[in-house]
$ cat query.cif   # mmCIF, C-alpha atoms and all ligand atoms
data_my_file
#
loop_
_atom_site.label_atom_id
_atom_site.label_comp_id
_atom_site.auth_asym_id
_atom_site.auth_seq_id
_atom_site.Cartn_x
_atom_site.Cartn_y
_atom_site.Cartn_z
CA MET A 20 49.64 -21.99 -9.73
CA ASP A 21 50.41 -24.64 -7.20
CA ALA A 22 54.13 -25.01 -7.85
CA SER A 23 57.17 -23.40 -9.38
CA SER A 24 56.67 -22.95 -13.10
CA THR A 25 60.23 -22.45 -14.22
CA PRO A 26 61.09 -25.37 -16.46
CA SER A 27 64.19 -27.09 -15.19
CA ALA A 28 67.05 -28.09 -17.43
CA SER A 29 66.60 -31.82 -17.43
CA SER A 30 66.99 -34.88 -19.53
CA SER A 31 64.50 -35.89 -22.19
CA SER A 32 63.40 -38.74 -19.94
CA SER A 33 62.01 -36.42 -17.24
CA LYS A 34 58.32 -36.66 -16.49
CA LEU A 35 56.05 -34.42 -18.51
CA VAL A 36 54.33 -31.58 -16.68
CA LEU A 37 50.92 -30.38 -17.81
CA TYR A 38 49.65 -26.99 -16.72
CA SER A 39 45.92 -27.40 -16.78
CA TYR A 40 42.63 -26.27 -15.29
CA TRP A 41 39.92 -28.79 -14.55
CA GLN A 42 37.18 -26.97 -16.47
CA SER A 43 39.32 -26.04 -19.47
CA SER A 44 38.26 -27.96 -22.57
CA CYS A 45 41.62 -27.15 -24.20
CA SER A 46 43.43 -28.81 -21.30
CA TRP A 47 40.98 -31.71 -21.45
CA ARG A 48 42.08 -32.46 -25.04
CA VAL A 49 45.66 -32.90 -23.88
CA ARG A 50 44.72 -34.94 -20.81
CA PHE A 51 42.68 -37.25 -23.07
CA ALA A 52 45.55 -37.61 -25.57
CA LEU A 53 48.10 -38.35 -22.84
CA ASN A 54 45.80 -41.02 -21.42
CA LEU A 55 45.26 -42.58 -24.85
CA LYS A 56 49.00 -42.75 -25.40
CA GLY A 57 49.56 -44.04 -21.88
CA VAL A 58 52.08 -41.31 -21.08
CA PRO A 59 52.28 -40.41 -17.37
CA TYR A 60 52.46 -36.74 -16.45
CA GLU A 61 52.49 -34.41 -13.50
CA TYR A 62 49.40 -32.23 -13.20
CA LYS A 63 49.86 -28.59 -12.23
CA SER A 64 46.76 -26.58 -11.72
CA VAL A 65 46.41 -23.02 -12.97
CA ASP A 66 43.24 -21.66 -11.40
CA LEU A 67 41.63 -19.61 -14.18
CA ALA A 68 38.81 -18.53 -11.87
CA LYS A 69 41.36 -16.92 -9.55
CA GLY A 70 43.29 -15.37 -12.45
CA GLU A 71 46.43 -17.47 -11.91
CA GLN A 72 47.00 -17.45 -15.68
CA PHE A 73 48.10 -13.82 -15.27
CA SER A 74 50.80 -14.54 -12.68
CA PRO A 75 54.35 -13.56 -13.68
CA GLU A 76 55.48 -17.19 -13.26
CA PHE A 77 52.88 -18.49 -15.68
CA GLU A 78 53.48 -15.65 -18.10
CA LYS A 79 57.01 -16.96 -18.57
CA LEU A 80 55.50 -20.19 -19.86
CA ASN A 81 52.75 -18.70 -22.00
CA PRO A 82 52.63 -14.94 -22.62
CA LEU A 83 49.08 -15.43 -23.93
CA HIS A 84 47.98 -16.51 -20.43
CA PHE A 85 46.21 -19.64 -21.63
CA VAL A 86 46.28 -23.24 -20.49
CA PRO A 87 47.27 -25.86 -21.47
CA VAL A 88 51.04 -25.72 -21.42
CA LEU A 89 53.16 -28.85 -21.63
CA VAL A 90 56.67 -28.85 -20.23
CA ASP A 91 58.98 -31.64 -21.32
CA GLY A 92 62.40 -30.94 -19.80
CA ASP A 93 63.60 -27.85 -21.62
CA VAL A 94 60.79 -27.94 -24.14
CA VAL A 95 57.78 -25.74 -23.40
CA VAL A 96 54.78 -26.09 -25.71
CA SER A 97 51.59 -24.11 -25.35
CA ASP A 98 48.42 -24.49 -27.42
CA SER A 99 46.65 -27.84 -27.44
CA TYR A 100 46.97 -28.26 -31.21
CA ALA A 101 50.75 -27.80 -31.09
CA ILE A 102 50.95 -30.02 -28.01
CA LEU A 103 49.04 -32.79 -29.79
CA LEU A 104 51.42 -32.69 -32.75
CA TYR A 105 54.41 -32.67 -30.38
CA LEU A 106 53.06 -35.70 -28.51
CA GLU A 107 52.34 -37.51 -31.76
CA GLU A 108 55.98 -37.12 -32.84
CA LYS A 109 57.48 -37.98 -29.49
CA TYR A 110 55.11 -40.81 -28.56
CA PRO A 111 54.04 -42.50 -31.80
CA GLN A 112 52.27 -45.29 -29.91
CA ARG A 113 48.47 -45.27 -30.28
CA ALA A 114 48.68 -42.93 -33.26
CA LEU A 115 46.27 -40.01 -33.19
CA LEU A 116 46.77 -39.24 -36.87
CA PRO A 117 45.83 -41.99 -39.33
CA ALA A 118 48.23 -43.07 -42.09
CA ASP A 119 45.63 -42.48 -44.80
CA LEU A 120 46.30 -38.93 -46.04
CA GLN A 121 42.70 -37.97 -46.68
CA LYS A 122 41.59 -39.18 -43.26
CA ARG A 123 44.60 -37.48 -41.69
CA ALA A 124 43.69 -34.16 -43.32
CA LEU A 125 40.11 -34.55 -42.14
CA ASN A 126 41.29 -35.10 -38.58
CA LEU A 127 43.48 -32.01 -38.67
CA GLN A 128 40.63 -30.01 -40.16
CA ALA A 129 38.04 -31.12 -37.59
CA ALA A 130 40.48 -30.42 -34.75
CA SER A 131 41.17 -27.01 -36.21
CA VAL A 132 37.47 -26.17 -36.54
CA VAL A 133 37.12 -26.83 -32.80
CA SER A 134 40.28 -25.05 -31.73
CA SER A 135 40.16 -22.09 -34.14
CA SER A 136 36.54 -21.51 -35.05
CA ILE A 137 34.50 -22.60 -32.04
CA GLN A 138 36.30 -22.57 -28.68
CA PRO A 139 38.06 -19.18 -29.08
CA LEU A 140 34.64 -17.57 -29.56
CA HIS A 141 33.28 -18.84 -26.24
CA MET A 142 36.35 -18.74 -24.02
CA LEU A 143 36.06 -17.16 -20.60
CA SER A 144 37.73 -13.84 -21.45
CA VAL A 145 35.62 -13.34 -24.59
CA LEU A 146 32.35 -14.04 -22.78
CA LYS A 147 33.33 -11.66 -19.98
CA TYR A 148 34.08 -8.96 -22.53
CA ILE A 149 30.75 -9.45 -24.29
CA GLU A 150 28.88 -9.38 -21.01
CA GLU A 151 30.59 -6.14 -19.96
CA LYS A 152 30.46 -4.31 -23.29
CA ILE A 153 27.13 -5.51 -24.70
CA GLY A 154 25.12 -7.09 -21.92
CA PRO A 155 24.65 -10.27 -19.87
CA GLU A 156 21.88 -11.64 -22.11
CA GLU A 157 24.20 -11.55 -25.13
CA ARG A 158 26.76 -13.80 -23.44
CA LEU A 159 24.89 -17.08 -23.97
CA LEU A 160 23.36 -16.11 -27.33
CA TRP A 161 26.78 -15.23 -28.73
CA ALA A 162 28.26 -18.53 -27.55
CA GLN A 163 25.34 -20.60 -28.81
CA SER A 164 25.29 -19.05 -32.29
CA ASN A 165 29.02 -19.62 -32.81
CA ILE A 166 28.90 -23.15 -31.45
CA GLU A 167 25.97 -24.03 -33.71
CA LYS A 168 27.72 -22.59 -36.77
CA GLY A 169 30.81 -24.67 -36.04
CA PHE A 170 28.86 -27.82 -35.21
CA LEU A 171 26.92 -27.53 -38.45
CA ALA A 172 30.19 -27.39 -40.38
CA LEU A 173 31.49 -30.42 -38.46
CA GLU A 174 28.30 -32.37 -39.22
CA LYS A 175 28.89 -31.75 -42.93
CA LEU A 176 32.58 -32.57 -42.69
CA LEU A 177 31.92 -35.94 -41.03
CA LYS A 178 28.69 -36.87 -42.80
CA ASP A 179 30.20 -39.76 -44.81
CA PHE A 180 31.25 -41.67 -41.72
CA ASP A 181 28.63 -43.86 -40.15
CA SER A 182 31.11 -45.00 -37.56
CA LYS A 183 31.73 -45.31 -33.85
CA TYR A 184 34.14 -42.37 -33.81
CA ALA A 185 34.53 -39.26 -35.97
CA THR A 186 36.49 -40.83 -38.84
CA GLY A 187 36.11 -44.55 -38.31
CA GLU A 188 36.33 -47.26 -35.70
CA ASP A 189 39.44 -45.83 -34.03
CA VAL A 190 39.94 -42.73 -31.90
CA TYR A 191 41.97 -40.06 -33.68
CA MET A 192 42.80 -36.39 -33.27
CA ALA A 193 39.35 -35.21 -34.39
CA ASP A 194 37.86 -37.19 -31.50
CA VAL A 195 40.38 -35.80 -29.02
CA PHE A 196 39.17 -32.30 -29.86
CA LEU A 197 35.49 -33.11 -30.35
CA ALA A 198 34.86 -35.08 -27.17
CA PRO A 199 35.64 -32.30 -24.65
CA GLN A 200 34.03 -29.71 -26.93
CA ILE A 201 30.72 -31.58 -27.10
CA ALA A 202 30.86 -32.29 -23.37
CA VAL A 203 31.34 -28.63 -22.53
CA VAL A 204 28.61 -27.56 -24.92
CA THR A 205 26.06 -29.96 -23.48
CA THR A 206 26.83 -29.08 -19.88
CA ARG A 207 27.42 -25.32 -20.07
CA PHE A 208 25.81 -23.81 -23.13
CA ASN A 209 22.40 -25.41 -23.37
CA VAL A 210 22.65 -26.18 -27.10
CA ASP A 211 20.00 -28.42 -28.67
CA MET A 212 22.15 -31.37 -29.73
CA SER A 213 19.30 -33.04 -31.65
CA LYS A 214 20.30 -30.76 -34.54
CA PHE A 215 23.63 -32.54 -34.68
CA PRO A 216 22.99 -36.30 -35.04
CA THR A 217 26.53 -37.25 -36.05
CA LEU A 218 28.13 -35.41 -33.16
CA SER A 219 25.53 -36.82 -30.77
CA ARG A 220 26.19 -40.37 -31.99
CA ILE A 221 29.96 -40.22 -31.61
CA TYR A 222 29.67 -38.48 -28.24
CA GLU A 223 27.89 -41.58 -26.92
CA SER A 224 30.98 -43.63 -27.87
CA TYR A 225 33.33 -41.24 -26.07
CA LYS A 226 31.37 -41.48 -22.84
CA SER A 227 32.36 -45.10 -22.30
CA LEU A 228 36.08 -44.68 -23.07
CA PRO A 229 38.14 -45.03 -19.86
CA GLU A 230 40.80 -42.61 -21.21
CA PHE A 231 38.14 -39.98 -21.78
CA ARG A 232 36.42 -40.54 -18.46
CA ALA A 233 39.71 -40.28 -16.57
CA SER A 234 40.45 -36.97 -18.29
CA SER A 235 37.08 -35.42 -17.43
CA PRO A 236 37.00 -32.22 -15.33
CA GLU A 237 35.44 -33.73 -12.21
CA ARG A 238 38.20 -36.38 -12.01
CA GLN A 239 41.01 -33.78 -11.83
CA ALA A 240 42.85 -32.90 -8.63
CA ASP A 241 41.77 -29.25 -8.82
CA ALA A 242 38.07 -29.99 -9.42
CA VAL A 243 35.63 -28.09 -7.25
CA HIS A 244 32.62 -30.26 -6.47
N1 LIG B 1 44.31 -22.25 -28.86
C1 LIG B 1 44.59 -22.49 -27.46
C2 LIG B 1 43.49 -21.86 -26.65
C3 LIG B 1 43.77 -21.95 -25.18
C4 LIG B 1 42.63 -21.38 -24.37
O1 LIG B 1 41.76 -20.67 -24.87
N2 LIG B 1 42.61 -21.74 -23.09
C5 LIG B 1 41.56 -21.27 -22.21
C6 LIG B 1 40.96 -22.43 -21.44
S1 LIG B 1 40.20 -23.61 -22.53
C7 LIG B 1 42.16 -20.30 -21.21
O2 LIG B 1 43.24 -20.53 -20.71
N3 LIG B 1 41.42 -19.23 -20.92
C8 LIG B 1 41.85 -18.26 -19.98
C9 LIG B 1 41.15 -16.96 -20.18
O3 LIG B 1 40.27 -16.85 -21.05
O4 LIG B 1 41.53 -16.04 -19.43
C10 LIG B 1 44.67 -24.00 -27.22
O5 LIG B 1 44.08 -24.76 -27.99
O6 LIG B 1 45.34 -24.42 -26.28
#

$ encode --input "query.cif" --output "structure tokens"
Amino acid sequence: MDASSTPSASSSSSKLVLYSYWQSSCSWRVRFALNLKGVPYEYKSVDLAKGEQFSPEFEKLNPLHFVPVLVDGDVVVSDSYAILLYLEEKYPQRALLPADLQKRALNLQAASVVSSSIQPLHMLSVLKYIEEKIGPEERLLWAQSNIEKGFLALEKLLKDFDSKYATGEDVYMADVFLAPQIAVVTTRFNVDMSKFPTLSRIYESYKSLPEFRASSPERQADAVH
């Protein structure tokens, strides 16, 4: 960690602090959401490759040792899903949940598929464990099979939308979770995206969004090029 992680007692108007790692797709979701909402924040890097998530300072913020963590004065929120809902309440501008209840539920569901049923199965610590206990060749196969299962479900979930983004012509919470997930899959896991035409189509739209581009790993202060 590059700075003190003890949240200071401060007013609700203090600048948000985001504990993040450039390559973390979970952190990327929050960076993307903050950019969409136009909320400035201070970036604090937690180097997962060096094991900084296990430092005693960071453990005080998140005993699970995961990024992202958002600190807003005295409020500490970990878990990107919880952070997104917190941001939505606190900064209602550029809503990430649509008013229409069915569409809203769909956005929560798609975000949850990514954050509960795909990413946890290919996170760094899980892949390390599989490599050590089962073998290095299983690492990629395990990740690919779980990603493909989740992507297939997402394709079915979003099949009725022939739109620019996941649930229409506006960017919502489903997109905030899908965009980094698809990016990570295409760059790190060698998944054949032609099996997923809906996800491939909407990913093309994300690529040209300035808020998404600015939140990408290589544009972060802790990126290693
Ligand atoms: N459900 C959590 C998951 C957080 C998570 O898995 N973070 C990963 C990076 S994307 C992490 O910190 N991994 C550290 C490790 O595996 O040791 C969220 O959505 O924020």

$ residues_around --input "query.cif" --residues "range 113-121 of chain A" --least-positions-apart "2" --cutoff "6 Å" --atoms "all atoms listed in the file" --output "list of chain:residue names"
A:Lys56, A:Pro111, A:Arg123, A:Ala124, A:Tyr191, A:Met192

$ residues_near_ligand --input "query.cif" --ligand "ligand LIG 1 (chain B)" --cutoff "7 Å" --atoms "all atoms listed in the file" --output "list in words"
Ser43, Ser44, Cys45, Ser46, Leu67, Gln72, His84, Phe85, Val86, Pro87, Ser97, Asp98, Ser99, Tyr100, Ser134, Ser135, Gln138, Pro139, Met142, Leu143, Ser144 and Val145 of chain A

$ write_last_selection --input "query.cif" --atoms "C-alpha atoms" --output "compact mmCIF listing (two decimals), in the frame of the given file"
# COMPACT_ATOMS: atom_id res chain seq x y z
CA SER A 43 39.32 -26.04 -19.47
CA SER A 44 38.26 -27.96 -22.57
CA CYS A 45 41.62 -27.15 -24.20
CA SER A 46 43.43 -28.81 -21.30
CA LEU A 67 41.63 -19.61 -14.18
CA GLN A 72 47.00 -17.45 -15.68
CA HIS A 84 47.98 -16.51 -20.43
CA PHE A 85 46.21 -19.64 -21.63
CA VAL A 86 46.28 -23.24 -20.49
CA PRO A 87 47.27 -25.86 -21.47
CA SER A 97 51.59 -24.11 -25.35
CA ASP A 98 48.42 -24.49 -27.42
CA SER A 99 46.65 -27.84 -27.44
CA TYR A 100 46.97 -28.26 -31.21
CA SER A 134 40.28 -25.05 -31.73
CA SER A 135 40.16 -22.09 -34.14
CA GLN A 138 36.30 -22.57 -28.68
CA PRO A 139 38.06 -19.18 -29.08
CA MET A 142 36.35 -18.74 -24.02
CA LEU A 143 36.06 -17.16 -20.60
CA SER A 144 37.73 -13.84 -21.45
CA VAL A 145 35.62 -13.34 -24.59

$ residues_around --input "query.cif" --residues "Tyr222 in chain A" --least-positions-apart "2" --cutoff "8 Å" --atoms "all atoms listed in the file" --output "CSV table (one decimal) with C-alpha atoms, in the frame of the given file"
chain,number,residue,atom,x,y,z
A,198,ALA,CA,34.9,-35.1,-27.2
A,201,ILE,CA,30.7,-31.6,-27.1
A,202,ALA,CA,30.9,-32.3,-23.4
A,218,LEU,CA,28.1,-35.4,-33.2
A,219,SER,CA,25.5,-36.8,-30.8
A,220,ARG,CA,26.2,-40.4,-32.0
A,224,SER,CA,31.0,-43.6,-27.9
A,225,TYR,CA,33.3,-41.2,-26.1
A,226,LYS,CA,31.4,-41.5,-22.8

$ closest_residue --input "query.cif" --among "A:Leu125, A:Leu37, A:Leu171, A:Val96" --to "Leu80 in chain A" --atoms "only C-alpha atoms"
A:Val96

$ closest_residue --input "query.cif" --among "A:Lys79, A:Lys147, A:Lys152, A:Arg50" --to "Leu103 in chain A" --atoms "only C-alpha atoms"
A:Arg50

$ atom_distance --input "query.cif" --atom1 "CA of Gln239 in chain A" --atom2 "CA of Leu55 in chain A"
16.3 Å

$ closest_residue --input "query.cif" --among "A:Leu140, A:Ala240, A:Val190, A:Leu53" --to "Trp41 in chain A" --atoms "all atoms listed in the file"
A:Ala240

$ residues_around --input "query.cif" --residues "Glu188 in chain A" --least-positions-apart "4" --cutoff "12 Å" --atoms "all atoms listed in the file" --output "list of chain:residue names"
A:Pro117, A:Phe180, A:Asp181, A:Ser182, A:Lys183, A:Tyr184, A:Asp194, A:Ile221, A:Ser224, A:Tyr225

$ write_last_selection --input "query.cif" --atoms "C-alpha atoms" --output "mmCIF file, keeping the file's coordinate frame"
data_model
loop_
_atom_site.group_PDB
_atom_site.id
_atom_site.type_symbol
_atom_site.label_atom_id
_atom_site.label_comp_id
_atom_site.auth_asym_id
_atom_site.auth_seq_id
_atom_site.Cartn_x
_atom_site.Cartn_y
_atom_site.Cartn_z
ATOM 1 C CA PRO A 117 45.830 -41.990 -39.330
ATOM 2 C CA PHE A 180 31.250 -41.670 -41.720
ATOM 3 C CA ASP A 181 28.630 -43.860 -40.150
ATOM 4 C CA SER A 182 31.110 -45.000 -37.560
ATOM 5 C CA LYS A 183 31.730 -45.310 -33.850
ATOM 6 C CA TYR A 184 34.140 -42.370 -33.810
ATOM 7 C CA ASP A 194 37.860 -37.190 -31.500
ATOM 8 C CA ILE A 221 29.960 -40.220 -31.610
ATOM 9 C CA SER A 224 30.980 -43.630 -27.870
ATOM 10 C CA TYR A 225 33.330 -41.240 -26.070
#

$ closest_residue --input "query.cif" --among "A:Leu83, A:Val36, A:Ala52, A:Ile153" --to "Ser64 in chain A" --atoms "all atoms listed in the file"
A:Val36

$ residues_near_point --input "query.cif" --point "(29.8, -30.2, -41.6)" --cutoff "12 Å" --atoms "all atoms listed in the file" --output "ChimeraX atom specification"
/A:125,128-129,132-133,167-180,185,214-218

$ write_last_selection --input "query.cif" --atoms "C-alpha atoms" --output "CSV table (one decimal), in the coordinates of the input"
chain,number,residue,atom,x,y,z
A,125,LEU,CA,40.1,-34.6,-42.1
A,128,GLN,CA,40.6,-30.0,-40.2
A,129,ALA,CA,38.0,-31.1,-37.6
A,132,VAL,CA,37.5,-26.2,-36.5
A,133,VAL,CA,37.1,-26.8,-32.8
A,167,GLU,CA,26.0,-24.0,-33.7
A,168,LYS,CA,27.7,-22.6,-36.8
A,169,GLY,CA,30.8,-24.7,-36.0
A,170,PHE,CA,28.9,-27.8,-35.2
A,171,LEU,CA,26.9,-27.5,-38.4
A,172,ALA,CA,30.2,-27.4,-40.4
A,173,LEU,CA,31.5,-30.4,-38.5
A,174,GLU,CA,28.3,-32.4,-39.2
A,175,LYS,CA,28.9,-31.8,-42.9
A,176,LEU,CA,32.6,-32.6,-42.7
A,177,LEU,CA,31.9,-35.9,-41.0
A,178,LYS,CA,28.7,-36.9,-42.8
A,179,ASP,CA,30.2,-39.8,-44.8
A,180,PHE,CA,31.2,-41.7,-41.7
A,185,ALA,CA,34.5,-39.3,-36.0
A,214,LYS,CA,20.3,-30.8,-34.5
A,215,PHE,CA,23.6,-32.5,-34.7
A,216,PRO,CA,23.0,-36.3,-35.0
A,217,THR,CA,26.5,-37.2,-36.0
A,218,LEU,CA,28.1,-35.4,-33.2

$ atom_distance --input "query.cif" --atom1 "CA of Tyr105 in chain A" --atom2 "CA of Trp47 in chain A"
16.2 Å

$ closest_residue --input "query.cif" --among "A:Ile166, A:Ala242, A:Leu159, A:Ile102" --to "Tyr40 in chain A" --atoms "all atoms listed in the file"
A:Ala242

$ axis_aligned_box --input "query.cif" --around "range 52-67 of chain A" --padding-each-side "5 Å" --output "lines of an AutoDock Vina configuration file"
center_x = 47.1
center_y = -31.8
center_z = -18.5
size_x = 20.9
size_y = 34.4
size_z = 24.2

$ closest_residue --input "query.cif" --among "A:Glu71, A:Glu151, A:His141, A:Asp66" --to "Gln200 in chain A" --atoms "only C-alpha atoms"
A:His141

$ decode --input "query.cif" --residues "range 141-163 of chain A" --atoms "N, CA and C atoms" --output "short mmCIF file (atom, residue, chain, number, x, y, z; two decimals), in the first residue's frame"
data_model
loop_
_atom_site.label_atom_id
_atom_site.label_comp_id
_atom_site.auth_asym_id
_atom_site.auth_seq_id
_atom_site.Cartn_x
_atom_site.Cartn_y
_atom_site.Cartn_z
N HIS A 141 -12.23 -17.33 -10.91
CA HIS A 141 -10.93 -17.21 -11.60
C HIS A 141 -10.04 -16.16 -10.94
N MET A 142 -10.34 -15.83 -9.68
CA MET A 142 -9.47 -14.83 -9.03
C MET A 142 -8.10 -15.44 -8.73
N LEU A 143 -7.16 -14.54 -8.56
CA LEU A 143 -5.75 -14.91 -8.38
C LEU A 143 -5.54 -16.04 -7.37
N SER A 144 -6.12 -15.90 -6.18
CA SER A 144 -5.86 -16.88 -5.12
C SER A 144 -6.43 -18.24 -5.47
N VAL A 145 -7.57 -18.27 -6.17
CA VAL A 145 -8.18 -19.55 -6.56
C VAL A 145 -7.32 -20.24 -7.62
N LEU A 146 -6.86 -19.47 -8.59
CA LEU A 146 -6.04 -20.06 -9.66
C LEU A 146 -4.71 -20.58 -9.12
N LYS A 147 -4.16 -19.86 -8.15
CA LYS A 147 -2.91 -20.31 -7.51
C LYS A 147 -3.15 -21.64 -6.80
N TYR A 148 -4.25 -21.73 -6.12
CA TYR A 148 -4.59 -22.94 -5.36
C TYR A 148 -4.75 -24.13 -6.31
N ILE A 149 -5.46 -23.89 -7.40
CA ILE A 149 -5.68 -24.98 -8.36
C ILE A 149 -4.36 -25.43 -8.97
N GLU A 150 -3.53 -24.46 -9.29
CA GLU A 150 -2.23 -24.79 -9.88
C GLU A 150 -1.40 -25.64 -8.91
N GLU A 151 -1.41 -25.24 -7.64
CA GLU A 151 -0.61 -25.96 -6.64
C GLU A 151 -1.18 -27.34 -6.32
N LYS A 152 -2.49 -27.42 -6.17
CA LYS A 152 -3.10 -28.68 -5.69
C LYS A 152 -3.37 -29.67 -6.82
N ILE A 153 -3.70 -29.12 -8.01
CA ILE A 153 -4.09 -30.04 -9.10
C ILE A 153 -3.05 -30.06 -10.22
N GLY A 154 -2.61 -28.89 -10.64
CA GLY A 154 -1.58 -28.86 -11.68
C GLY A 154 -1.69 -27.61 -12.52
N PRO A 155 -0.57 -27.17 -13.12
CA PRO A 155 -0.57 -25.91 -13.88
C PRO A 155 -1.50 -25.93 -15.09
N GLU A 156 -1.65 -27.12 -15.71
CA GLU A 156 -2.49 -27.17 -16.92
C GLU A 156 -3.97 -26.98 -16.60
N GLU A 157 -4.35 -27.28 -15.35
CA GLU A 157 -5.75 -27.14 -14.95
C GLU A 157 -6.15 -25.69 -14.72
N ARG A 158 -5.15 -24.85 -14.46
CA ARG A 158 -5.41 -23.45 -14.12
C ARG A 158 -6.28 -22.77 -15.19
N LEU A 159 -5.81 -22.81 -16.45
CA LEU A 159 -6.54 -22.13 -17.52
C LEU A 159 -7.85 -22.84 -17.84
N LEU A 160 -7.82 -24.18 -17.87
CA LEU A 160 -9.04 -24.93 -18.21
C LEU A 160 -10.16 -24.66 -17.22
N TRP A 161 -9.79 -24.61 -15.95
CA TRP A 161 -10.77 -24.31 -14.89
C TRP A 161 -11.39 -22.93 -15.12
N ALA A 162 -10.53 -21.95 -15.34
CA ALA A 162 -11.01 -20.58 -15.55
C ALA A 162 -11.90 -20.52 -16.78
N GLN A 163 -11.44 -21.09 -17.88
CA GLN A 163 -12.21 -21.02 -19.12
C GLN A 163 -13.59 -21.66 -18.97
#
